[in-house]
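*Asks:* Contents of final10.pdb (PDB, C-alpha atoms) are given next:
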ATOM      1  CA  MET A   1     -32.329 -98.829  -0.045
ATOM      2  CA  GLY A   2     -32.793 -95.119  -0.470
ATOM      3  CA  ASN A   3     -34.723 -93.974  -3.499
ATOM      4  CA  ARG A   4     -35.021 -97.409  -5.079
ATOM      5  CA  PHE A   5     -38.667 -97.680  -4.011
ATOM      6  CA  PRO A   6     -40.776 -94.488  -4.175
ATOM      7  CA  PHE A   7     -43.615 -94.156  -1.700
ATOM      8  CA  SER A   8     -46.240 -94.771  -4.359
ATOM      9  CA  LYS A   9     -45.175 -98.395  -4.897
ATOM     10  CA  SER A  10     -47.080-101.126  -3.095
ATOM     11  CA  TRP A  11     -45.925-102.534   0.218
ATOM     12  CA  ILE A  12     -45.802-105.969  -1.383
ATOM     13  CA  PHE A  13     -43.006-104.832  -3.621
ATOM     14  CA  LEU A  14     -41.207-103.364  -0.619
ATOM     15  CA  VAL A  15     -41.164-106.801   0.954
ATOM     16  CA  LEU A  16     -39.558-108.145  -2.211
ATOM     17  CA  VAL A  17     -36.938-105.402  -2.162
ATOM     18  CA  PHE A  18     -35.890-106.136   1.403
ATOM     19  CA  THR A  19     -35.865-109.848   0.681
ATOM     20  CA  ILE A  20     -33.291-109.420  -2.082
ATOM     21  CA  PHE A  21     -31.360-106.524  -0.487
ATOM     22  CA  ALA A  22     -28.222-108.628  -0.294
ATOM     23  CA  SER A  23     -28.193-108.903  -4.073
ATOM     24  CA  ASP A  24     -26.389-105.611  -4.592
ATOM     25  CA  ALA A  25     -26.750-103.620  -7.786
ATOM     26  CA  TRP A  26     -23.209-103.768  -9.056
ATOM     27  CA  ALA A  27     -22.642-102.363 -12.505
ATOM     28  CA  TRP A  28     -20.326-103.707 -15.213
ATOM     29  CA  GLY A  29     -17.998-106.265 -13.693
ATOM     30  CA  GLU A  30     -14.222-106.055 -13.840
ATOM     31  CA  GLU A  31     -14.168-106.801 -17.563
ATOM     32  CA  GLY A  32     -16.721-104.160 -18.465
ATOM     33  CA  HIS A  33     -15.130-101.383 -16.441
ATOM     34  CA  SER A  34     -11.702-102.284 -17.803
ATOM     35  CA  ILE A  35     -13.045-102.114 -21.367
ATOM     36  CA  VAL A  36     -14.545 -98.667 -20.774
ATOM     37  CA  ALA A  37     -11.359 -97.399 -19.138
ATOM     38  CA  GLU A  38      -9.091 -98.680 -21.904
ATOM     39  CA  ILE A  39     -11.214 -97.127 -24.652
ATOM     40  CA  ALA A  40     -10.996 -93.814 -22.810
ATOM     41  CA  GLN A  41      -7.248 -94.173 -22.183
ATOM     42  CA  ARG A  42      -6.612 -94.371 -25.925
ATOM     43  CA  ARG A  43      -8.501 -91.098 -26.483
ATOM     44  CA  LEU A  44      -7.064 -88.858 -23.788
ATOM     45  CA  SER A  45      -5.742 -85.465 -24.754
ATOM     46  CA  GLN A  46      -2.137 -84.685 -23.913
ATOM     47  CA  ASN A  47      -3.206 -82.473 -20.989
ATOM     48  CA  ALA A  48      -5.507 -85.138 -19.590
ATOM     49  CA  ALA A  49      -2.996 -87.962 -20.070
ATOM     50  CA  GLU A  50      -0.239 -86.030 -18.314
ATOM     51  CA  ALA A  51      -2.496 -84.967 -15.447
ATOM     52  CA  ILE A  52      -3.848 -88.487 -14.939
ATOM     53  CA  THR A  53      -0.376 -90.028 -15.047
ATOM     54  CA  GLN A  54       0.749 -87.601 -12.367
ATOM     55  CA  ILE A  55      -2.282 -88.389 -10.190
ATOM     56  CA  LEU A  56      -1.858 -92.149 -10.531
ATOM     57  CA  ARG A  57       1.908 -92.132  -9.960
ATOM     58  CA  ALA A  58       1.323 -90.284  -6.686
ATOM     59  CA  SER A  59      -0.922 -93.130  -5.529
ATOM     60  CA  PRO A  60       0.385 -95.124  -2.524
ATOM     61  CA  ASN A  61       0.011 -98.318  -4.590
ATOM     62  CA  ALA A  62       1.994 -97.055  -7.587
ATOM     63  CA  THR A  63       5.304 -98.703  -8.427
ATOM     64  CA  PRO A  64       8.234 -96.627  -9.735
ATOM     65  CA  TYR A  65       8.437 -98.232 -13.168
ATOM     66  CA  SER A  66       4.800 -99.032 -13.811
ATOM     67  CA  THR A  67       2.670 -97.321 -16.453
ATOM     68  CA  PRO A  68      -0.472 -96.152 -14.675
ATOM     69  CA  SER A  69      -3.734 -97.048 -16.384
ATOM     70  CA  LEU A  70      -7.345 -96.086 -15.934
ATOM     71  CA  ALA A  71      -8.287 -99.785 -16.079
ATOM     72  CA  SER A  72      -6.272-100.433 -12.917
ATOM     73  CA  ILE A  73      -8.546 -98.148 -10.875
ATOM     74  CA  SER A  74     -11.828 -98.796 -12.669
ATOM     75  CA  THR A  75     -13.445-101.096 -10.073
ATOM     76  CA  TRP A  76     -12.225 -99.404  -6.878
ATOM     77  CA  ALA A  77     -15.558 -97.633  -6.331
ATOM     78  CA  ASP A  78     -17.334-100.966  -5.928
ATOM     79  CA  GLU A  79     -14.904-101.933  -3.186
ATOM     80  CA  VAL A  80     -15.703 -98.919  -0.995
ATOM     81  CA  ARG A  81     -19.496 -98.864  -1.116
ATOM     82  CA  TYR A  82     -19.730-100.043   2.485
ATOM     83  CA  ASP A  83     -18.320 -99.188   5.865
ATOM     84  CA  GLY A  84     -18.264-102.683   7.260
ATOM     85  CA  ALA A  85     -21.681-104.136   6.462
ATOM     86  CA  LYS A  86     -23.427-100.764   6.079
ATOM     87  CA  PRO A  87     -23.711 -98.638   2.932
ATOM     88  CA  ASN A  88     -21.853 -95.352   3.103
ATOM     89  CA  GLY A  89     -22.544 -92.060   1.371
ATOM     90  CA  THR A  90     -21.309 -93.414  -1.966
ATOM     91  CA  TYR A  91     -23.845 -96.206  -2.299
ATOM     92  CA  ASN A  92     -26.488 -94.519  -4.477
ATOM     93  CA  TRP A  93     -23.864 -92.872  -6.686
ATOM     94  CA  HIS A  94     -23.720 -96.034  -8.808
ATOM     95  CA  PHE A  95     -27.183 -95.733 -10.349
ATOM     96  CA  VAL A  96     -30.243 -93.599 -11.032
ATOM     97  CA  ASP A  97     -33.729 -94.992 -10.574
ATOM     98  CA  ILE A  98     -35.926 -94.204 -13.582
ATOM     99  CA  PRO A  99     -39.158 -96.233 -13.824
ATOM    100  CA  ARG A 100     -39.315 -98.295 -16.984
ATOM    101  CA  GLN A 101     -42.348 -96.513 -18.388
ATOM    102  CA  ASP A 102     -40.639 -93.108 -18.166
ATOM    103  CA  THR A 103     -38.440 -91.774 -20.952
ATOM    104  CA  HIS A 104     -37.059 -88.734 -19.119
ATOM    105  CA  TYR A 105     -35.184 -88.227 -15.870
ATOM    106  CA  ASP A 106     -36.883 -86.374 -13.000
ATOM    107  CA  SER A 107     -34.308 -85.108 -10.509
ATOM    108  CA  ALA A 108     -36.865 -84.418  -7.789
ATOM    109  CA  THR A 109     -38.128 -87.997  -7.566
ATOM    110  CA  GLU A 110     -35.211 -89.995  -8.970
ATOM    111  CA  CYS A 111     -32.205 -88.338  -7.331
ATOM    112  CA  PRO A 112     -33.214 -87.231  -3.821
ATOM    113  CA  LYS A 113     -30.812 -87.497  -0.911
ATOM    114  CA  GLU A 114     -33.217 -89.266   1.402
ATOM    115  CA  LYS A 115     -30.571 -90.904   3.578
ATOM    116  CA  PRO A 116     -27.147 -89.235   3.980
ATOM    117  CA  GLU A 117     -25.458 -92.607   4.459
ATOM    118  CA  GLN A 118     -26.555 -93.665   0.969
ATOM    119  CA  GLY A 119     -26.083 -90.495  -1.109
ATOM    120  CA  ASP A 120     -28.187 -89.245  -4.019
ATOM    121  CA  CYS A 121     -27.443 -90.634  -7.528
ATOM    122  CA  VAL A 122     -24.828 -91.077 -10.219
ATOM    123  CA  ILE A 123     -25.963 -88.030 -12.216
ATOM    124  CA  ASN A 124     -25.365 -85.577  -9.385
ATOM    125  CA  GLU A 125     -22.079 -87.167  -8.402
ATOM    126  CA  LEU A 126     -20.649 -87.013 -11.920
ATOM    127  CA  SER A 127     -21.446 -83.301 -11.961
ATOM    128  CA  ARG A 128     -19.696 -82.743  -8.624
ATOM    129  CA  LEU A 129     -16.666 -84.791  -9.622
ATOM    130  CA  ARG A 130     -15.692 -82.393 -12.419
ATOM    131  CA  ASN A 131     -14.774 -79.756  -9.853
ATOM    132  CA  GLU A 132     -13.068 -82.236  -7.528
ATOM    133  CA  LEU A 133     -10.921 -83.592 -10.353
ATOM    134  CA  ARG A 134      -9.767 -80.174 -11.475
ATOM    135  CA  CYS A 135      -9.587 -78.230  -8.221
ATOM    136  CA  THR A 136      -8.347 -80.646  -5.541
ATOM    137  CA  ALA A 137      -5.039 -82.420  -5.021
ATOM    138  CA  GLY A 138      -3.493 -85.486  -3.417
ATOM    139  CA  ASP A 139      -5.740 -88.239  -2.084
ATOM    140  CA  GLN A 140      -8.915 -86.275  -2.739
ATOM    141  CA  GLN A 141      -8.074 -85.860  -6.411
ATOM    142  CA  LEU A 142      -7.092 -89.531  -6.751
ATOM    143  CA  ARG A 143     -10.356 -90.562  -5.118
ATOM    144  CA  ALA A 144     -12.303 -88.335  -7.508
ATOM    145  CA  LEU A 145     -10.549 -89.890 -10.503
ATOM    146  CA  LYS A 146     -11.336 -93.404  -9.311
ATOM    147  CA  PHE A 147     -14.986 -92.500  -8.853
ATOM    148  CA  ALA A 148     -15.271 -90.720 -12.198
ATOM    149  CA  VAL A 149     -13.801 -93.626 -14.184
ATOM    150  CA  HIS A 150     -16.180 -96.052 -12.509
ATOM    151  CA  PHE A 151     -19.352 -93.966 -12.531
ATOM    152  CA  VAL A 152     -19.190 -93.030 -16.208
ATOM    153  CA  GLY A 153     -19.155 -96.776 -16.824
ATOM    154  CA  ASP A 154     -22.022 -97.351 -14.406
ATOM    155  CA  ILE A 155     -24.369 -94.810 -15.948
ATOM    156  CA  HIS A 156     -24.098 -96.560 -19.321
ATOM    157  CA  GLN A 157     -25.134 -99.964 -17.974
ATOM    158  CA  PRO A 158     -28.849-100.003 -18.885
ATOM    159  CA  PHE A 159     -29.941-101.735 -15.690
ATOM    160  CA  HIS A 160     -28.344 -98.968 -13.636
ATOM    161  CA  THR A 161     -30.969 -96.632 -15.019
ATOM    162  CA  ILE A 162     -33.991 -98.851 -14.286
ATOM    163  CA  TRP A 163     -35.905 -98.622 -11.002
ATOM    164  CA  GLU A 164     -37.883-101.860 -10.967
ATOM    165  CA  ASN A 165     -36.647-104.892  -9.028
ATOM    166  CA  ILE A 166     -33.484-103.082  -7.971
ATOM    167  CA  GLY A 167     -32.384-102.689 -11.555
ATOM    168  CA  GLY A 168     -33.232-106.304 -12.422
ATOM    169  CA  ASN A 169     -31.437-107.803  -9.413
ATOM    170  CA  GLY A 170     -34.729-109.364  -8.355
ATOM    171  CA  ILE A 171     -35.299-111.062 -11.712
ATOM    172  CA  THR A 172     -34.034-114.628 -11.900
ATOM    173  CA  PHE A 173     -34.325-116.664 -15.071
ATOM    174  CA  THR A 174     -33.447-119.914 -16.755
ATOM    175  CA  THR A 175     -31.617-120.319 -20.025
ATOM    176  CA  ASP A 176     -30.894-122.860 -22.682
ATOM    177  CA  LYS A 177     -27.358-123.345 -23.918
ATOM    178  CA  LEU A 178     -26.504-120.486 -26.209
ATOM    179  CA  GLN A 179     -23.886-119.917 -28.873
ATOM    180  CA  PHE A 180     -21.334-117.097 -28.855
ATOM    181  CA  LYS A 181     -18.491-117.062 -31.368
ATOM    182  CA  GLY A 182     -18.807-120.806 -31.764
ATOM    183  CA  LYS A 183     -18.724-121.415 -27.994
ATOM    184  CA  THR A 184     -21.544-122.859 -25.945
ATOM    185  CA  CYS A 185     -22.449-120.733 -22.948
ATOM    186  CA  SER A 186     -25.089-120.882 -20.255
ATOM    187  CA  ALA A 187     -25.653-118.562 -17.307
ATOM    188  CA  ASP A 188     -24.140-120.942 -14.787
ATOM    189  CA  LYS A 189     -21.061-121.452 -16.990
ATOM    190  CA  CYS A 190     -20.254-117.813 -17.696
ATOM    191  CA  SER A 191     -20.705-116.458 -14.192
ATOM    192  CA  THR A 192     -21.129-117.667 -10.647
ATOM    193  CA  PRO A 193     -24.675-118.887  -9.997
ATOM    194  CA  PRO A 194     -27.292-117.950  -9.014
ATOM    195  CA  ASP A 195     -27.620-115.516 -11.872
ATOM    196  CA  ASN A 196     -30.070-112.646 -12.185
ATOM    197  CA  LEU A 197     -30.907-110.231 -14.962
ATOM    198  CA  HIS A 198     -28.729-107.429 -13.630
ATOM    199  CA  LYS A 199     -25.742-109.660 -13.043
ATOM    200  CA  MET A 200     -26.093-111.179 -16.489
ATOM    201  CA  TRP A 201     -25.657-107.692 -17.960
ATOM    202  CA  ASP A 202     -22.776-106.870 -15.608
ATOM    203  CA  THR A 203     -20.663-109.869 -16.465
ATOM    204  CA  THR A 204     -22.199-112.868 -18.207
ATOM    205  CA  LEU A 205     -22.905-111.255 -21.567
ATOM    206  CA  ILE A 206     -19.454-109.691 -21.811
ATOM    207  CA  ARG A 207     -17.656-112.912 -20.888
ATOM    208  CA  ALA A 208     -19.771-114.879 -23.324
ATOM    209  CA  MET A 209     -19.067-112.461 -26.182
ATOM    210  CA  GLU A 210     -15.318-112.366 -25.491
ATOM    211  CA  TYR A 211     -13.736-113.640 -22.280
ATOM    212  CA  ASN A 212     -10.495-111.698 -22.774
ATOM    213  CA  TRP A 213     -11.361-108.019 -22.205
ATOM    214  CA  PRO A 214      -8.386-106.544 -24.149
ATOM    215  CA  THR A 215      -9.593-108.526 -27.171
ATOM    216  CA  PHE A 216     -13.083-107.109 -26.587
ATOM    217  CA  VAL A 217     -11.557-103.619 -26.797
ATOM    218  CA  ASP A 218      -9.857-104.512 -30.064
ATOM    219  CA  ASP A 219     -13.166-105.856 -31.410
ATOM    220  CA  LEU A 220     -14.881-102.585 -30.535
ATOM    221  CA  GLU A 221     -12.085-100.521 -32.061
ATOM    222  CA  SER A 222     -12.510-102.302 -35.383
ATOM    223  CA  GLY A 223     -16.275-102.616 -35.019
ATOM    224  CA  TRP A 224     -18.754-100.415 -33.166
ATOM    225  CA  LEU A 225     -16.289 -97.583 -32.547
ATOM    226  CA  THR A 226     -15.984 -97.103 -36.324
ATOM    227  CA  THR A 227     -19.730 -96.454 -36.738
ATOM    228  CA  ASP A 228     -21.305 -93.068 -37.363
ATOM    229  CA  ALA A 229     -22.997 -93.280 -33.972
ATOM    230  CA  ALA A 230     -19.616 -93.416 -32.281
ATOM    231  CA  LYS A 231     -17.894 -90.860 -34.506
ATOM    232  CA  ASN A 232     -20.703 -88.302 -34.286
ATOM    233  CA  ASP A 233     -21.501 -88.583 -30.588
ATOM    234  CA  ARG A 234     -21.223 -85.246 -28.771
ATOM    235  CA  LYS A 235     -23.317 -85.860 -25.667
ATOM    236  CA  ASP A 236     -21.474 -84.714 -22.544
ATOM    237  CA  ASP A 237     -24.348 -84.419 -20.057
ATOM    238  CA  PRO A 238     -24.856 -87.269 -17.556
ATOM    239  CA  VAL A 239     -28.604 -86.726 -17.785
ATOM    240  CA  ALA A 240     -28.474 -87.469 -21.517
ATOM    241  CA  TRP A 241     -26.255 -90.499 -20.878
ATOM    242  CA  ALA A 242     -28.716 -91.921 -18.365
ATOM    243  CA  GLU A 243     -31.738 -91.276 -20.561
ATOM    244  CA  ASP A 244     -29.975 -92.821 -23.551
ATOM    245  CA  ALA A 245     -29.142 -95.988 -21.619
ATOM    246  CA  HIS A 246     -32.639 -96.189 -20.170
ATOM    247  CA  ASN A 247     -34.408 -95.684 -23.489
ATOM    248  CA  ALA A 248     -32.061 -98.070 -25.285
ATOM    249  CA  ALA A 249     -33.062-100.734 -22.777
ATOM    250  CA  ILE A 250     -36.663-100.169 -23.816
ATOM    251  CA  ALA A 251     -35.863-100.099 -27.540
ATOM    252  CA  PHE A 252     -33.881-103.342 -27.360
ATOM    253  CA  ASN A 253     -36.536-104.967 -25.138
ATOM    254  CA  VAL A 254     -34.004-106.119 -22.530
ATOM    255  CA  TRP A 255     -36.461-106.682 -19.677
ATOM    256  CA  VAL A 256     -37.895-110.102 -18.888
ATOM    257  CA  ASP A 257     -40.214-111.245 -16.125
ATOM    258  CA  ALA A 258     -39.045-113.456 -13.288
ATOM    259  CA  GLY A 259     -38.846-117.111 -14.263
ATOM    260  CA  ALA A 260     -38.518-116.459 -17.979
ATOM    261  CA  THR A 261     -36.356-118.696 -20.137
ATOM    262  CA  LEU A 262     -33.868-116.700 -22.159
ATOM    263  CA  ASP A 263     -33.400-118.089 -25.627
ATOM    264  CA  GLN A 264     -30.904-117.504 -28.393
ATOM    265  CA  ALA A 265     -33.072-114.750 -29.863
ATOM    266  CA  TYR A 266     -32.777-112.705 -26.653
ATOM    267  CA  TYR A 267     -28.996-112.912 -26.603
ATOM    268  CA  ASP A 268     -28.714-112.163 -30.305
ATOM    269  CA  ARG A 269     -30.954-109.116 -29.836
ATOM    270  CA  VAL A 270     -29.207-107.571 -26.836
ATOM    271  CA  THR A 271     -25.505-108.200 -27.450
ATOM    272  CA  PRO A 272     -25.261-105.270 -29.925
ATOM    273  CA  LEU A 273     -26.514-103.041 -27.106
ATOM    274  CA  VAL A 274     -23.719-104.296 -24.836
ATOM    275  CA  SER A 275     -21.131-103.252 -27.424
ATOM    276  CA  GLN A 276     -22.852 -99.918 -27.969
ATOM    277  CA  GLN A 277     -23.036 -99.018 -24.292
ATOM    278  CA  LEU A 278     -19.446-100.014 -23.545
ATOM    279  CA  GLY A 279     -18.329 -98.011 -26.563
ATOM    280  CA  PHE A 280     -20.336 -94.922 -25.637
ATOM    281  CA  ALA A 281     -19.046 -95.125 -22.066
ATOM    282  CA  GLY A 282     -15.427 -95.230 -23.226
ATOM    283  CA  ILE A 283     -15.575 -92.312 -25.649
ATOM    284  CA  ARG A 284     -17.646 -90.213 -23.254
ATOM    285  CA  LEU A 285     -15.308 -90.918 -20.353
ATOM    286  CA  ALA A 286     -12.433 -89.665 -22.494
ATOM    287  CA  ARG A 287     -14.291 -86.459 -23.339
ATOM    288  CA  TYR A 288     -15.275 -86.001 -19.692
ATOM    289  CA  LEU A 289     -11.640 -86.237 -18.571
ATOM    290  CA  ASN A 290     -10.313 -84.195 -21.490
ATOM    291  CA  ASP A 291     -12.749 -81.410 -20.620
ATOM    292  CA  VAL A 292     -11.873 -81.468 -16.928
ATOM    293  CA  PHE A 293      -8.145 -81.207 -17.557
ATOM    294  CA  SER A 294      -8.400 -78.715 -20.423
ATOM    295  CA  SER A 295      -8.114 -75.796 -18.006
ATOM    296  CA  SER A 296      -6.966 -74.952 -14.483
ATOM    297  CA  GLN A 297      -9.796 -72.508 -13.853
ATOM    298  CA  CYS A 298     -11.416 -73.117 -10.478
ATOM    299  CA  PRO A 299     -14.125 -73.704  -9.614
ATOM    300  CA  TYR A 300     -14.912 -75.791 -12.663
ATOM    301  CA  ALA A 301     -17.185 -74.073 -15.153
ATOM    302  CA  PRO A 302     -18.504 -75.744 -18.322
ATOM    303  CA  ARG A 303     -17.031 -74.470 -21.577
ATOM    304  CA  GLN A 304     -19.375 -72.144 -23.457
TER     305      GLN A 304
END
What do you get writing this file as structure tokens?
*Replies:*
Amino acid sequence: MGNRFPFSKSWIFLVLVFTIFASDAWAWGEEGHSIVAEIAQRRLSQNAAEAITQILRASPNATPYSTPSLASISTWADEVRYDGAKPNGTYNWHFVDIPRQDTHYDSATECPKEKPEQGDCVINELSRLRNELRCTAGDQQLRALKFAVHFVGDIHQPFHTIWENIGGNGITFTTDKLQFKGKTCSADKCSTPPDNLHKMWDTTLIRAMEYNWPTFVDDLESGWLTTDAAKNDRKDDPVAWAEDAHNAAIAFNVWVDAGATLDQAYYDRVTPLVSQQLGFAGIRLARYLNDVFSSSQCPYAPRQ
């Protein structure tokens, strides 16, 4: 599975990794990616909005009278991770493997291109996509847009920045019935069992907090997106995004060991982080796209 198990780890853990290989490390589910995309859509500059509309309306799947949206393309990247049953060169672009005890990203060990059919990591791909978005056309530009919308969401999902147990995919747990907005929710009720820690963060927590994703966006717009953290954020570097997500996972103590029982205190502790990371992803995606389409200079060069 590429760089998801460095050589220094024990062979016992390698056996575990291969055992759970089929449990793929998807990031935010459909709801999460749609939330991120919609937040970004509302913050696009005029140049970016016009460019993106033109790209999406040229898509083979576009209809003449439809209003193209970023949410409509936000999960496409998950659908093309494989050629048949084998991972293709886009597979590792969905995550970056940073060991839990580390607080900083090391490109040499955590983003190598060990196997061409799997790719390197989300940080490198987001850097490459800036040039592809600005300086290509047609299908290649549409493909780059689909990847960018998805991968900015991915890099903000904390478990897509954690190396161990395939980003928590190997951690199964039990849970008592828990309360969200007056509703009773358990893992097997909010998502398709069997659940694991990674999947719970992809989908279960979001659905439990608010099943209707447009309403979730509205909640964020009147809630977390009004905070100083949201208003003052200026981080535009994927490395900083990944380190933020990784270190927030540590600060909020999101990790549990296999077989743990998640109680109400765990859910109450981590749900603010879900809102924060979805919010950061949305506003940063908007800035990413606004920057890309702010100029026609090619190749892409960061603004000084």
*Asks:* Return as lines of an AutoDock Vina configuration file the box centre and box size in Å, one decimal, for an axis-aligned box around all listed atoms of stretch 163-169 of chain A padded by 6 Å per side.
*Replies:*
center_x = -34.7
center_y = -103.2
center_z = -10.2
size_x = 18.4
size_y = 21.2
size_z = 16.5
*Asks:* Care to translate the PyMOL selection byres ((chain A and resi 268) around 12) into actual residues of this file, as a PyMOL selection string?
*Replies:* chain A and resi 178-181+205+208-209+252-254+262-267+269-274
*Asks:* Find, counting only C-alpha atoms, the residue in A:Pro116, A:Pro302, A:Gly89, A:Gly168 that gets nearest to A:Asp236.
*Replies:*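 The answer is A:Pro302, which sits nearest to A:Asp236.
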*Asks:* Let me know the residues the PyMOL selection byres ((chain A and resi 275-285) around 9) catches in the file above, as an NGL selection string.
*Replies:* :A and (32-33 or 35-41 or 43 or 148-149 or 152-158 or 206 or 216-217 or 220-221 or 224-225 or 229-230 or 233-236 or 241 or 245 or 271-274 or 286-290)
*Asks:* Quick one: which residues end up in the PyMOL selection byres ((chain A and resi 110) around 8) for this structure, as a list of chain:residue names?
*Replies:*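 So the PyMOL selection byres ((chain A and resi 110) around 8), applied here, picks out A:Asn3, A:Val96, A:Asp97, A:Ile98, A:Tyr105, A:Asp106, A:Ser107, A:Ala108, A:Thr109, A:Cys111, A:Pro112, A:Cys121.
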*Asks:* Now that the selection is made, can you save its residues with C-alpha atoms as an mmCIF file, in the coordinates of the input?
*Replies:*
data_model
loop_
_atom_site.group_PDB
_atom_site.id
_atom_site.type_symbol
_atom_site.label_atom_id
_atom_site.label_comp_id
_atom_site.auth_asym_id
_atom_site.auth_seq_id
_atom_site.Cartn_x
_atom_site.Cartn_y
_atom_site.Cartn_z
ATOM 1 C CA ASN A 3 -34.723 -93.974 -3.499
ATOM 2 C CA VAL A 96 -30.243 -93.599 -11.032
ATOM 3 C CA ASP A 97 -33.729 -94.992 -10.574
ATOM 4 C CA ILE A 98 -35.926 -94.204 -13.582
ATOM 5 C CA TYR A 105 -35.184 -88.227 -15.870
ATOM 6 C CA ASP A 106 -36.883 -86.374 -13.000
ATOM 7 C CA SER A 107 -34.308 -85.108 -10.509
ATOM 8 C CA ALA A 108 -36.865 -84.418 -7.789
ATOM 9 C CA THR A 109 -38.128 -87.997 -7.566
ATOM 10 C CA CYS A 111 -32.205 -88.338 -7.331
ATOM 11 C CA PRO A 112 -33.214 -87.231 -3.821
ATOM 12 C CA CYS A 121 -27.443 -90.634 -7.528
#
*Asks:* Check the smallest atom-to-atom distance from each of A:Gln118, A:Ser74, A:Ser295, A:Thr53 to A:Asn92 using all atoms listed in the file, then report the winner.
*Replies:*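 Smallest separation from A:Asn92 among the options: A:Gln118.
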*Asks:* Counting all atoms listed in the file, which of A:Asn169, A:Thr90, A:Thr215, A:Thr174 gets nearest to A:Asp202?
*Replies:*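 So, comparing all the options, the nearest one is A:Asn169.
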*Asks:* Would you work out the distance separating atom CA of A:Ser34 from atom CA of A:Ile166, expressed in Å to one decimal?
*Replies:*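 Atom CA of A:Ile166 lies 23.9 Å from atom CA of A:Ser34.
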*Asks:* So how far away is atom CA of A:Ser294 from atom CA of A:Arg134, in Å?
*Replies:*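 Value for the atom CA of A:Arg134-atom CA of A:Ser294 distance: 9.2 Å.
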*Asks:* I'd like the interatomic distance between atom CA of A:Ala258 and atom CA of A:Phe173, to a tenth of an Å.
*Replies:*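 Value for the atom CA of A:Ala258-atom CA of A:Phe173 distance: 6.0 Å.
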*Asks:* Given the choices A:Pro214, A:Phe293, A:Gly167, A:Tyr300, which gets closest to A:Arg128 if the distance is worked out from all atoms listed in the file?
*Replies:* A:Tyr300
*Asks:* For a quick check of understanding, using only C-alpha atoms, which of A:Trp93, A:Leu133, A:Arg57, A:Gly84 has the smallest distance to A:Leu145?
*Replies:* A:Leu133
*Asks:* How would you write as JSON, numbers by chain the residues that get within 10 Å of (-31.0, -92.5, -22.9) in the file's frame, counting only C-alpha atoms?
*Replies:* {"A": [103, 104, 105, 155, 156, 158, 161, 238, 239, 240, 241, 242, 243, 244, 245, 246, 247, 248, 249, 250]}
